[in-house]
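Source file: run.csv (CSV, C-alpha atoms)
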chain,number,residue,atom,x,y,z
A,65,MET,CA,-22.7,-3.9,-1.7
A,66,ASN,CA,-23.7,-7.6,-1.7
A,67,LYS,CA,-20.3,-9.5,-1.8
A,68,ILE,CA,-18.2,-9.0,1.3
A,69,ILE,CA,-15.0,-11.0,1.8
A,70,LEU,CA,-13.3,-11.1,5.2
A,71,ILE,CA,-9.5,-11.6,5.2
A,72,GLY,CA,-6.9,-11.7,7.9
A,73,PHE,CA,-4.5,-13.9,9.8
A,74,MET,CA,-5.6,-17.1,11.5
A,75,GLY,CA,-7.4,-16.2,14.7
A,76,ALA,CA,-8.4,-12.8,13.6
A,77,GLY,CA,-12.1,-13.6,14.2
A,78,LYS,CA,-13.2,-13.6,10.6
A,79,THR,CA,-15.8,-16.4,11.1
A,80,THR,CA,-17.4,-14.8,14.3
A,81,PHE,CA,-17.4,-11.4,12.8
A,82,GLY,CA,-18.6,-12.7,9.5
A,83,LYS,CA,-21.7,-14.4,11.0
A,84,LYS,CA,-22.7,-11.2,12.8
A,85,LEU,CA,-22.1,-9.1,9.7
A,86,ALA,CA,-24.2,-11.5,7.5
A,87,LYS,CA,-27.1,-11.3,10.0
A,88,ALA,CA,-26.9,-7.5,10.0
A,89,MET,CA,-26.9,-7.3,6.2
A,90,HIS,CA,-29.4,-10.1,5.7
A,91,LEU,CA,-26.9,-12.1,3.6
A,92,PRO,CA,-25.8,-15.7,3.7
A,93,PHE,CA,-22.5,-16.5,5.4
A,94,TYR,CA,-19.9,-18.9,4.2
A,95,ASP,CA,-16.5,-20.0,5.4
A,96,SER,CA,-13.9,-21.1,2.9
A,97,ASP,CA,-12.4,-23.8,5.1
A,98,GLN,CA,-15.8,-25.2,5.9
A,99,LEU,CA,-16.7,-25.3,2.2
A,100,ILE,CA,-13.5,-27.2,1.4
A,101,GLU,CA,-14.1,-29.7,4.2
A,102,GLN,CA,-17.6,-30.3,3.0
A,103,GLU,CA,-16.5,-30.7,-0.6
A,104,GLN,CA,-13.6,-33.0,0.2
A,105,ASN,CA,-15.3,-34.7,3.1
A,106,LYS,CA,-12.1,-34.4,5.1
A,107,SER,CA,-10.8,-32.0,7.8
A,108,ILE,CA,-8.4,-29.2,7.0
A,109,GLU,CA,-5.8,-30.9,9.2
A,110,THR,CA,-6.1,-34.1,7.1
A,111,LEU,CA,-6.0,-32.2,3.8
A,112,PHE,CA,-2.8,-30.4,4.9
A,113,SER,CA,-1.3,-33.7,6.0
A,114,GLU,CA,-2.2,-35.5,2.7
A,115,ARG,CA,-1.5,-32.7,0.2
A,116,GLY,CA,0.9,-30.4,1.9
A,117,GLU,CA,0.4,-26.6,1.9
A,118,SER,CA,0.9,-26.2,-1.8
A,119,GLY,CA,-1.8,-28.8,-2.6
A,120,PHE,CA,-4.1,-27.2,-0.1
A,121,ARG,CA,-3.7,-23.8,-1.7
A,122,LEU,CA,-4.7,-25.3,-5.1
A,123,LEU,CA,-7.9,-26.5,-3.4
A,124,GLU,CA,-8.5,-22.9,-2.2
A,125,LYS,CA,-8.0,-21.5,-5.7
A,126,GLU,CA,-10.5,-24.0,-7.2
A,127,LEU,CA,-13.0,-23.3,-4.5
A,128,ILE,CA,-12.9,-19.5,-5.0
A,129,GLN,CA,-13.4,-20.0,-8.8
A,130,LYS,CA,-16.4,-22.3,-8.3
A,131,PHE,CA,-18.0,-20.5,-5.4
A,132,THR,CA,-18.0,-17.0,-6.9
A,133,GLU,CA,-19.4,-18.3,-10.2
A,134,LYS,CA,-22.5,-19.6,-8.3
A,135,GLN,CA,-23.1,-17.1,-5.5
A,136,GLU,CA,-24.5,-13.6,-6.2
A,137,ALA,CA,-24.6,-12.3,-2.7
A,138,PHE,CA,-22.7,-13.3,0.4
A,139,VAL,CA,-20.4,-12.7,3.3
A,140,LEU,CA,-17.4,-15.0,2.9
A,141,SER,CA,-14.6,-15.6,5.4
A,142,VAL,CA,-11.5,-17.0,3.9
A,143,GLY,CA,-8.5,-18.8,5.3
A,144,GLY,CA,-5.5,-16.7,6.5
A,145,GLY,CA,-3.3,-17.9,3.7
A,146,LEU,CA,-5.8,-17.9,0.8
A,147,PRO,CA,-5.2,-14.3,-0.3
A,148,CYS,CA,-1.5,-14.8,-0.5
A,149,TYR,CA,-1.3,-17.5,-3.2
A,150,HIS,CA,-2.1,-17.7,-6.9
A,151,ASN,CA,-3.0,-14.0,-7.2
A,152,LEU,CA,-6.1,-14.6,-5.2
A,153,MET,CA,-6.0,-11.3,-3.3
A,154,ASP,CA,-6.4,-9.5,-6.6
A,155,LYS,CA,-9.1,-11.8,-7.7
A,156,LEU,CA,-11.0,-11.3,-4.4
A,157,ASN,CA,-10.8,-7.5,-4.9
A,158,ASN,CA,-12.3,-7.9,-8.3
A,159,ILE,CA,-15.1,-10.1,-7.0
A,160,GLY,CA,-16.3,-7.9,-4.1
A,161,THR,CA,-15.4,-5.7,-1.2
A,162,THR,CA,-12.5,-7.2,0.8
A,163,VAL,CA,-12.3,-6.3,4.5
A,164,TYR,CA,-9.0,-6.9,6.4
A,165,LEU,CA,-9.4,-7.6,10.2
A,166,GLN,CA,-6.1,-6.3,11.4
A,167,HIS,CA,-4.5,-7.3,14.7
A,168,SER,CA,-1.0,-7.0,16.2
A,169,VAL,CA,1.3,-9.9,16.7
A,170,GLY,CA,0.7,-9.9,20.4
A,171,ALA,CA,-3.1,-9.9,20.0
A,172,LEU,CA,-2.9,-12.7,17.6
A,173,ALA,CA,-0.7,-14.8,19.8
A,174,HIS,CA,-3.1,-14.3,22.7
A,175,ARG,CA,-6.1,-15.3,20.5
A,176,LEU,CA,-4.3,-18.4,19.1
A,177,LYS,CA,-2.6,-19.8,22.2
A,178,ASN,CA,-5.3,-22.3,22.8
A,179,ALA,CA,-5.8,-23.2,19.1
A,180,LYS,CA,-2.6,-25.0,18.3
A,181,LYS,CA,-4.1,-28.4,18.0
A,182,ILE,CA,-6.6,-27.4,15.3
A,183,ARG,CA,-4.2,-25.1,13.4
A,184,PRO,CA,-1.9,-27.2,11.2
A,185,LEU,CA,0.6,-24.4,10.7
A,186,LEU,CA,0.9,-23.9,14.5
A,187,ALA,CA,1.1,-27.5,15.6
A,188,GLY,CA,3.9,-28.3,18.0
A,189,LYS,CA,5.2,-24.7,18.4
A,190,GLU,CA,5.9,-23.3,21.9
A,191,GLU,CA,7.0,-19.9,23.1
A,192,PRO,CA,9.1,-18.1,22.0
A,193,ALA,CA,9.0,-19.9,18.7
A,194,PHE,CA,5.2,-19.6,18.7
A,195,SER,CA,5.1,-15.7,18.7
A,196,GLU,CA,8.1,-15.5,16.5
A,197,TYR,CA,6.4,-17.7,13.9
A,198,ILE,CA,3.3,-15.5,14.0
A,199,SER,CA,5.5,-12.4,13.6
A,200,VAL,CA,7.3,-13.7,10.6
A,201,LYS,CA,4.2,-15.1,8.9
A,202,LEU,CA,2.2,-12.0,9.5
A,203,ALA,CA,4.9,-9.8,8.0
A,204,ASP,CA,5.0,-12.0,4.9
A,205,ARG,CA,1.2,-12.0,4.5
A,206,GLU,CA,0.3,-8.4,5.4
A,207,LYS,CA,1.5,-7.0,2.1
A,208,TYR,CA,-1.4,-9.0,0.6
A,209,TYR,CA,-3.9,-8.2,3.3
A,210,LEU,CA,-3.2,-4.4,3.0
A,211,LYS,CA,-4.6,-4.5,-0.5
A,212,ALA,CA,-8.1,-4.9,1.0
A,213,LYS,CA,-10.6,-2.2,0.1
A,214,VAL,CA,-11.4,-1.7,3.8
A,215,ILE,CA,-9.1,-2.2,6.8
A,216,LEU,CA,-10.4,-2.5,10.3
A,217,SER,CA,-7.9,-2.3,13.1
A,218,THR,CA,-8.6,-4.1,16.4
A,219,ASN,CA,-10.5,-1.2,18.0
A,220,GLU,CA,-12.6,-0.7,14.9
A,221,GLN,CA,-14.0,-4.2,14.5
A,222,THR,CA,-17.6,-3.6,15.2
A,223,ILE,CA,-20.5,-4.1,12.8
A,224,GLU,CA,-21.5,-0.5,13.1
A,225,THR,CA,-18.0,0.8,12.1
A,226,LEU,CA,-17.8,-1.5,9.1
A,227,LEU,CA,-21.2,-0.6,7.8
A,228,SER,CA,-20.4,3.1,8.2
A,229,LYS,CA,-17.3,2.5,6.0
A,230,LEU,CA,-19.2,0.4,3.5
A,231,LYS,CA,-21.9,2.9,3.0
A,232,PRO,CA,-20.0,5.5,0.9
A,233,LEU,CA,-18.4,2.6,-1.1
A,234,ASP,CA,-21.9,1.2,-1.8
A,235,GLU,CA,-23.2,4.5,-3.0
A,236,ASN,CA,-20.3,4.8,-5.4
A,237,LEU,CA,-20.7,1.3,-6.9
A,238,ALA,CA,-24.4,1.6,-7.7
A,239,GLU,CA,-25.8,1.7,-11.3
A,240,THR,CA,-27.9,4.8,-12.1
A,241,SER,CA,-29.9,5.9,-15.2
A,242,PHE,CA,-26.8,7.9,-16.3
A,243,LEU,CA,-24.2,5.3,-15.2
A,244,ASN,CA,-26.0,2.5,-16.9
A,245,PHE,CA,-23.1,0.0,-17.0
A,246,SER,CA,-25.2,-3.1,-17.5
A,247,HIS,CA,-26.0,-1.9,-21.0
A,248,PRO,CA,-24.5,-4.3,-23.6
A,249,ALA,CA,-22.4,-1.5,-25.0
A,250,PHE,CA,-20.1,-1.7,-21.9
A,251,ALA,CA,-19.4,-5.4,-22.6
A,252,THR,CA,-18.1,-4.4,-26.0
A,253,PHE,CA,-16.2,-1.4,-24.7
A,254,LEU,CA,-14.4,-3.4,-22.0
A,255,LYS,CA,-13.8,-6.6,-24.1
A,256,ASN,CA,-10.0,-6.2,-24.2
A,257,ILE,CA,-9.6,-5.2,-20.5
A,258,ASP,CA,-7.8,-7.9,-18.5
A,259,THR,CA,-10.0,-8.1,-15.4
A,260,THR,CA,-7.6,-10.5,-13.7
A,261,LYS,CA,-5.2,-7.7,-13.0
A,262,PRO,CA,-4.8,-6.1,-9.6
A,263,THR,CA,-7.4,-3.4,-8.9
A,264,LYS,CA,-4.9,-0.5,-9.3
A,265,GLU,CA,-3.6,-1.7,-12.6
A,266,LEU,CA,-7.2,-2.4,-13.7
A,267,ALA,CA,-8.1,1.2,-12.9
A,268,ILE,CA,-5.1,2.5,-14.8
A,269,ASP,CA,-6.1,0.5,-17.9
A,270,LEU,CA,-9.6,1.9,-17.7
A,271,TYR,CA,-8.2,5.5,-17.5
A,272,TYR,CA,-6.2,5.1,-20.7
A,273,LEU,CA,-9.0,3.3,-22.5
A,274,VAL,CA,-11.3,6.2,-21.8
A,275,ARG,CA,-8.7,8.9,-22.3
A,276,ASP,CA,-7.6,7.7,-25.7
A,277,GLY,CA,-10.8,5.9,-26.7
A,278,PHE,CA,-12.5,9.2,-27.6
A,279,ILE,CA,-11.2,12.3,-29.3
A,280,TYR,CA,-11.7,15.3,-27.0
A,281,ASP,CA,-14.5,17.4,-28.5
A,282,PRO,CA,-15.9,20.4,-26.5
A,283,TYR,CA,-17.8,21.7,-29.5
A,284,HIS,CA,-20.8,19.4,-29.2
A,285,LEU,CA,-22.4,19.6,-25.7
A,286,ASN,CA,-25.5,17.7,-24.9
A,287,LEU,CA,-26.8,18.4,-21.4
A,288,THR,CA,-30.0,16.3,-21.7
A,289,GLN,CA,-31.0,13.1,-19.9
A,290,GLU,CA,-30.3,11.0,-23.0
A,291,GLY,CA,-27.1,12.9,-23.9
A,292,LEU,CA,-25.5,12.3,-20.6
A,293,LYS,CA,-26.2,8.5,-20.4
A,294,ALA,CA,-23.0,6.5,-20.4
A,295,SER,CA,-24.3,4.0,-23.0
A,296,ASN,CA,-25.1,6.8,-25.4
A,297,VAL,CA,-21.6,8.3,-25.0
A,298,LEU,CA,-20.2,4.9,-25.9
A,299,SER,CA,-21.9,5.1,-29.4
A,300,LYS,CA,-19.7,8.2,-30.2
A,301,LYS,CA,-16.1,8.6,-31.3
A,302,ARG,CA,-15.8,12.1,-29.8
A,303,ALA,CA,-16.6,13.2,-26.3
A,304,TRP,CA,-16.0,16.2,-24.0
A,305,CYS,CA,-14.7,16.0,-20.5
A,306,VAL,CA,-18.0,15.4,-18.7
A,307,GLU,CA,-18.9,12.6,-21.1
A,308,LYS,CA,-15.5,10.9,-20.6
A,309,SER,CA,-15.8,11.2,-16.8
A,310,ILE,CA,-19.3,9.6,-16.9
A,311,VAL,CA,-18.0,6.7,-19.0
A,312,LEU,CA,-14.9,6.2,-16.7
A,313,CYS,CA,-17.1,6.3,-13.6
A,314,ALA,CA,-19.6,3.8,-15.0
A,315,ALA,CA,-16.9,1.4,-16.3
A,316,ALA,CA,-15.1,1.4,-13.0
A,317,ARG,CA,-18.3,0.6,-11.1
A,318,LYS,CA,-19.0,-2.2,-13.5
A,319,LEU,CA,-15.7,-3.8,-12.6
A,320,GLY,CA,-16.3,-3.3,-8.9
A,321,ILE,CA,-14.2,-0.2,-8.3
A,322,PRO,CA,-16.0,2.5,-6.3
A,323,ALA,CA,-16.0,5.7,-8.4
A,324,ARG,CA,-17.5,9.1,-8.3
A,325,MET,CA,-17.4,12.4,-10.3
A,326,GLY,CA,-16.1,15.8,-9.6
A,327,PHE,CA,-16.8,19.0,-11.4
A,328,ALA,CA,-15.1,22.4,-11.6
A,329,VAL,CA,-14.8,25.7,-13.4
A,330,VAL,CA,-11.5,26.0,-15.2
A,331,LYS,CA,-9.5,28.1,-17.6
A,332,ASN,CA,-7.6,26.4,-20.3
A,333,HIS,CA,-5.0,28.6,-21.8
A,334,ILE,CA,-3.9,26.5,-24.8
A,335,GLY,CA,-5.9,26.0,-28.0
A,336,VAL,CA,-9.2,27.4,-26.8
A,337,GLU,CA,-9.6,30.5,-29.1
A,338,LYS,CA,-12.3,28.8,-31.1
A,339,LEU,CA,-14.2,27.6,-28.1
A,340,THR,CA,-14.0,31.0,-26.4
A,341,ARG,CA,-15.7,32.5,-29.5
A,342,TYR,CA,-18.7,30.2,-29.0
A,343,LEU,CA,-18.9,30.4,-25.2
A,344,LYS,CA,-18.1,34.2,-25.1
A,345,ARG,CA,-16.1,33.6,-21.9
A,346,GLU,CA,-12.7,32.2,-21.0
A,347,GLU,CA,-14.1,30.1,-18.2
A,348,ILE,CA,-15.0,26.5,-19.0
A,349,VAL,CA,-17.9,25.5,-16.8
A,350,PHE,CA,-18.4,22.0,-15.4
A,351,HIS,CA,-15.1,20.5,-16.4
A,352,GLY,CA,-15.3,16.8,-15.2
A,353,PHE,CA,-12.9,14.5,-13.5
A,354,VAL,CA,-13.2,11.2,-11.6
A,355,GLU,CA,-12.2,9.9,-8.2
A,356,LEU,CA,-11.6,6.1,-7.9
A,357,PHE,CA,-11.3,4.4,-4.5
A,358,LEU,CA,-7.9,2.5,-4.5
A,359,ASN,CA,-6.0,1.1,-1.6
A,360,GLU,CA,-8.3,2.8,0.9
A,361,LYS,CA,-8.2,6.3,-0.5
A,362,TRP,CA,-9.8,8.3,-3.2
A,363,VAL,CA,-7.5,9.2,-6.1
A,364,LYS,CA,-8.4,11.8,-8.7
A,365,CYS,CA,-7.8,11.6,-12.4
A,366,THR,CA,-9.2,13.3,-15.5
A,367,PRO,CA,-9.4,11.4,-18.9
A,368,ALA,CA,-10.3,14.5,-20.9
A,369,PHE,CA,-7.4,15.1,-23.3
A,370,ASP,CA,-6.5,12.2,-25.5
A,371,GLU,CA,-3.0,11.6,-26.8
A,372,ARG,CA,-3.9,12.9,-30.3
A,373,ILE,CA,-5.3,16.2,-29.2
A,374,CYS,CA,-2.3,16.7,-26.9
A,375,THR,CA,0.0,16.2,-29.9
A,376,ILE,CA,-1.9,18.8,-31.9
A,377,SER,CA,-1.8,21.2,-28.9
A,378,LYS,CA,1.9,20.4,-28.3
A,379,VAL,CA,1.4,19.5,-24.7
A,380,GLU,CA,2.3,16.3,-22.9
A,381,PRO,CA,-0.7,14.0,-22.3
A,382,LEU,CA,-1.7,13.7,-18.7
A,383,ASN,CA,-0.7,10.3,-17.2
A,384,TRP,CA,-2.0,8.6,-14.1
A,385,ASP,CA,-0.3,6.1,-11.8
A,386,GLY,CA,-3.4,5.1,-9.7
A,387,GLU,CA,-1.7,6.5,-6.5
A,388,THR,CA,-1.5,10.2,-6.8
A,389,ASP,CA,-4.0,12.8,-8.0
A,390,SER,CA,-3.7,13.7,-11.7
A,391,LEU,CA,-5.8,16.6,-12.8
A,392,PHE,CA,-4.1,18.9,-15.3
A,393,GLN,CA,-0.7,20.3,-15.8
A,394,ALA,CA,-0.4,23.8,-14.3
A,395,TYR,CA,2.2,24.7,-16.9
A,396,GLU,CA,3.4,23.3,-20.2
A,397,LYS,CA,7.0,24.5,-20.3
A,398,ASP,CA,6.7,28.2,-19.5
A,399,GLN,CA,3.1,28.6,-20.6
A,400,LYS,CA,0.2,28.3,-18.2
A,401,PHE,CA,-2.0,25.5,-19.3
A,402,MET,CA,-4.9,24.9,-16.9
A,403,GLU,CA,-6.3,26.7,-13.9
A,404,TYR,CA,-9.0,25.4,-11.5
A,405,LEU,CA,-11.1,28.4,-10.5
A,406,HIS,CA,-13.9,26.8,-8.6
A,407,PHE,CA,-14.9,23.2,-7.4
A,408,TYR,CA,-18.5,22.3,-7.4
A,409,GLY,CA,-17.8,19.2,-5.3
A,410,ILE,CA,-17.9,15.4,-5.6
A,411,PHE,CA,-21.0,13.6,-6.8
A,412,SER,CA,-22.2,9.9,-6.8
A,413,ASP,CA,-24.3,10.6,-9.9
A,414,VAL,CA,-24.6,13.2,-12.7
A,415,PRO,CA,-25.9,16.5,-11.2
A,416,ILE,CA,-27.8,17.4,-14.4
A,417,GLU,CA,-30.0,20.1,-12.9
A,418,LEU,CA,-27.0,21.9,-11.4
A,419,MET,CA,-25.0,21.5,-14.6
A,420,ASN,CA,-27.7,23.1,-16.7
A,421,ALA,CA,-28.2,25.9,-14.2
A,422,GLU,CA,-24.5,26.8,-14.0
A,423,MET,CA,-24.1,26.7,-17.8
A,424,LYS,CA,-27.1,29.0,-18.1
A,425,LYS,CA,-25.6,31.4,-15.6
A,426,TYR,CA,-22.2,31.6,-17.4
A,427,TYR,CA,-23.5,31.2,-21.0
A,428,PRO,CA,-27.1,32.6,-21.1
A,429,HIS,CA,-26.9,33.1,-24.9
A,430,LEU,CA,-26.6,29.4,-25.4
A,431,PHE,CA,-30.1,29.0,-23.9
A,432,GLU,CA,-31.6,31.8,-25.8
A,433,SER,CA,-30.9,30.6,-29.3
A,434,GLU,CA,-30.6,27.2,-31.0
A,435,PHE,CA,-27.2,25.9,-31.7
A,436,ASN,CA,-27.1,22.7,-33.8
A,437,GLN,CA,-24.5,23.2,-36.5
A,438,LYS,CA,-21.7,20.9,-37.6
A,439,GLU,CA,-19.1,23.2,-36.1
A,440,PHE,CA,-20.9,23.7,-32.8
A,441,SER,CA,-24.0,22.3,-31.1
A,442,PHE,CA,-25.5,22.8,-27.6
A,443,LEU,CA,-28.5,20.9,-26.3
A,444,HIS,CA,-30.0,21.4,-22.8
A,445,LEU,CA,-32.9,20.7,-20.6

Could you show the structure in this file as structure tokens?
Amino acid sequence: MNKIILIGFMGAGKTTFGKKLAKAMHLPFYDSDQLIEQEQNKSIETLFSERGESGFRLLEKELIQKFTEKQEAFVLSVGGGLPCYHNLMDKLNNIGTTVYLQHSVGALAHRLKNAKKIRPLLAGKEEPAFSEYISVKLADREKYYLKAKVILSTNEQTIETLLSKLKPLDENLAETSFLNFSHPAFATFLKNIDTTKPTKELAIDLYYLVRDGFIYDPYHLNLTQEGLKASNVLSKKRAWCVEKSIVLCAAARKLGIPARMGFAVVKNHIGVEKLTRYLKREEIVFHGFVELFLNEKWVKCTPAFDERICTISKVEPLNWDGETDSLFQAYEKDQKFMEYLHFYGIFSDVPIELMNAEMKKYYPHLFESEFNQKEFSFLHL
């Protein structure tokens, strides 16, 4: 987690908080208003006067573009209006971890009452117009601010609280030997993804890309270190649920979306007669799904069954809206489709040892003989 962007209304304390945070994280601190003043060699007040608000917002857009192309690690405090124009809030979310310092209208009015002379948008306003202006402006802007990945209310705005909230996000953005998203194969795989979209829409596009980018194939299972590497899965046209979950998790992290994997034991009651013959049990062990962190909450999805396999099985493909959990349909018409029997938990990386151990417990025969045929193969540690 090396790109932190602080957003919030004017007077929220972004600069003060940002400097403390940068010191605690050993990162450089920057302020967007100060960067614009240095670049233009003019004060914010002068630039507002000369260019008007629309002209100033264009300067902010240009600054974000240039700044983020050059800087690899930072804490950045941005002007109160910057996230609300030119789709910059969505761009900021794609660049790094956005943190909204949230305050009530009353708290903001108290903090800003002595700053009217240096705040162009507040100049000349007296009570009650002063507080009313803040109320209206905040209501208009907060729909953008609330898209932040982390929201800190007034009583939460300590460095310790923020770092505690960032830690789980950091763990679920990291690259691992399995989730090796810097591999060139990912650039090719994601070449048609529009990364300028809002984070939720970006996540939805990733879900469908993975769901339908591979034909679901549970007949060729590779539980080795190499077999479970995301880049190696990308070289295939067919994949099983664990492989698809690994790819989706890695792709999301590559695009700055915190992601982690969940695993379960399930029963699939449609189209599994052939698989049951190989496994010698009805239970499907280590079914994989993914959790993505969107709008300050973890949302579950599983990209296992592609549209083609659903058509063959005569079931509706599982869709996902980026807001609600989407695992598997409990029923398809009157027929039971998928049951979750046991959850192993949520993991930041592939639990390869546990996966092999559980497979061996449920399917010992697969570990006692070699299975490497065209119809069915099974490789393990």

task: Please measure the separation of CA of Glu432 in chain A and CA of His406 in chain A, giving the value in Å to one decimal.
output: 25.2 Å

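One distance worth recording is that between CA of Gly144 in chain A and CA of Gly119 in chain A, which is 15.6 Å.
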
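Distances from A:Asn383, A:Leu298, A:Gln102, A:Tyr404 to Val330 in chain A were compared using all atoms listed in the file, and the smallest one belongs to A:Tyr404.
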
- prompt: Can you tell me, as a ChimeraX atom specification, what residues are no more than 7 Å from range 346-348 of chain A when counting only C-alpha atoms, ignoring any on the same chain fewer than 4 positions away?
  reply: /A:329-331,340

- prompt: Skipping near chain neighbours, those fewer than 5 positions away, what residues fall within 12 Å of Lys361 in chain A using only C-alpha atoms, listed as a ChimeraX atom specification?
  reply: /A:211-215,229,232-233,264,321-323,355-356,386-389

task: Would you list the residues near (-8.1, 12.7, -16.1), meaning any protein, DNA or RNA residue with an atom at most 10 Å from that point in file coordinates, counting only C-alpha atoms, as a ChimeraX atom specification?
output: /A:271-272,274-275,305,308-309,312,352-355,364-370,381-384,389-392

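Candidate residues A:Asn359, A:Asp276, A:His90, A:Val349 were compared for distance to Tyr408 in chain A, and the nearest is A:Val349, using all atoms listed in the file.
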
Limit the output to C-alpha atoms and give range 396-431 of chain A as a tab-separated table (two decimals), in the first residue's frame.
chain	number	residue	atom	x	y	z
A	396	GLU	CA	-32.68	-24.01	-11.07
A	397	LYS	CA	-36.45	-23.99	-11.53
A	398	ASP	CA	-37.54	-26.82	-9.19
A	399	GLN	CA	-34.25	-28.69	-9.25
A	400	LYS	CA	-31.64	-28.21	-6.54
A	401	PHE	CA	-28.45	-26.94	-8.16
A	402	MET	CA	-25.70	-26.15	-5.66
A	403	GLU	CA	-25.30	-26.70	-1.92
A	404	TYR	CA	-22.52	-25.29	0.24
A	405	LEU	CA	-21.68	-27.93	2.85
A	406	HIS	CA	-18.59	-26.47	4.50
A	407	PHE	CA	-16.56	-23.25	4.30
A	408	TYR	CA	-12.79	-23.45	4.79
A	409	GLY	CA	-12.50	-19.69	5.19
A	410	ILE	CA	-11.05	-16.68	3.38
A	411	PHE	CA	-7.41	-16.59	2.27
A	412	SER	CA	-5.03	-13.89	1.04
A	413	ASP	CA	-3.04	-16.49	-0.88
A	414	VAL	CA	-3.55	-20.00	-2.23
A	415	PRO	CA	-3.56	-22.49	0.70
A	416	ILE	CA	-1.87	-25.21	-1.33
A	417	GLU	CA	-0.97	-27.47	1.59
A	418	LEU	CA	-4.51	-27.43	3.00
A	419	MET	CA	-5.94	-27.95	-0.47
A	420	ASN	CA	-3.85	-31.08	-1.04
A	421	ALA	CA	-4.57	-32.41	2.47
A	422	GLU	CA	-8.34	-32.01	2.11
A	423	MET	CA	-8.35	-33.55	-1.36
A	424	LYS	CA	-6.41	-36.53	0.00
A	425	LYS	CA	-8.89	-36.93	2.86
A	426	TYR	CA	-11.91	-36.95	0.55
A	427	TYR	CA	-10.35	-38.65	-2.50
A	428	PRO	CA	-7.52	-40.91	-1.24
A	429	HIS	CA	-7.61	-43.03	-4.41
A	430	LEU	CA	-6.46	-40.03	-6.47
A	431	PHE	CA	-3.21	-39.97	-4.46
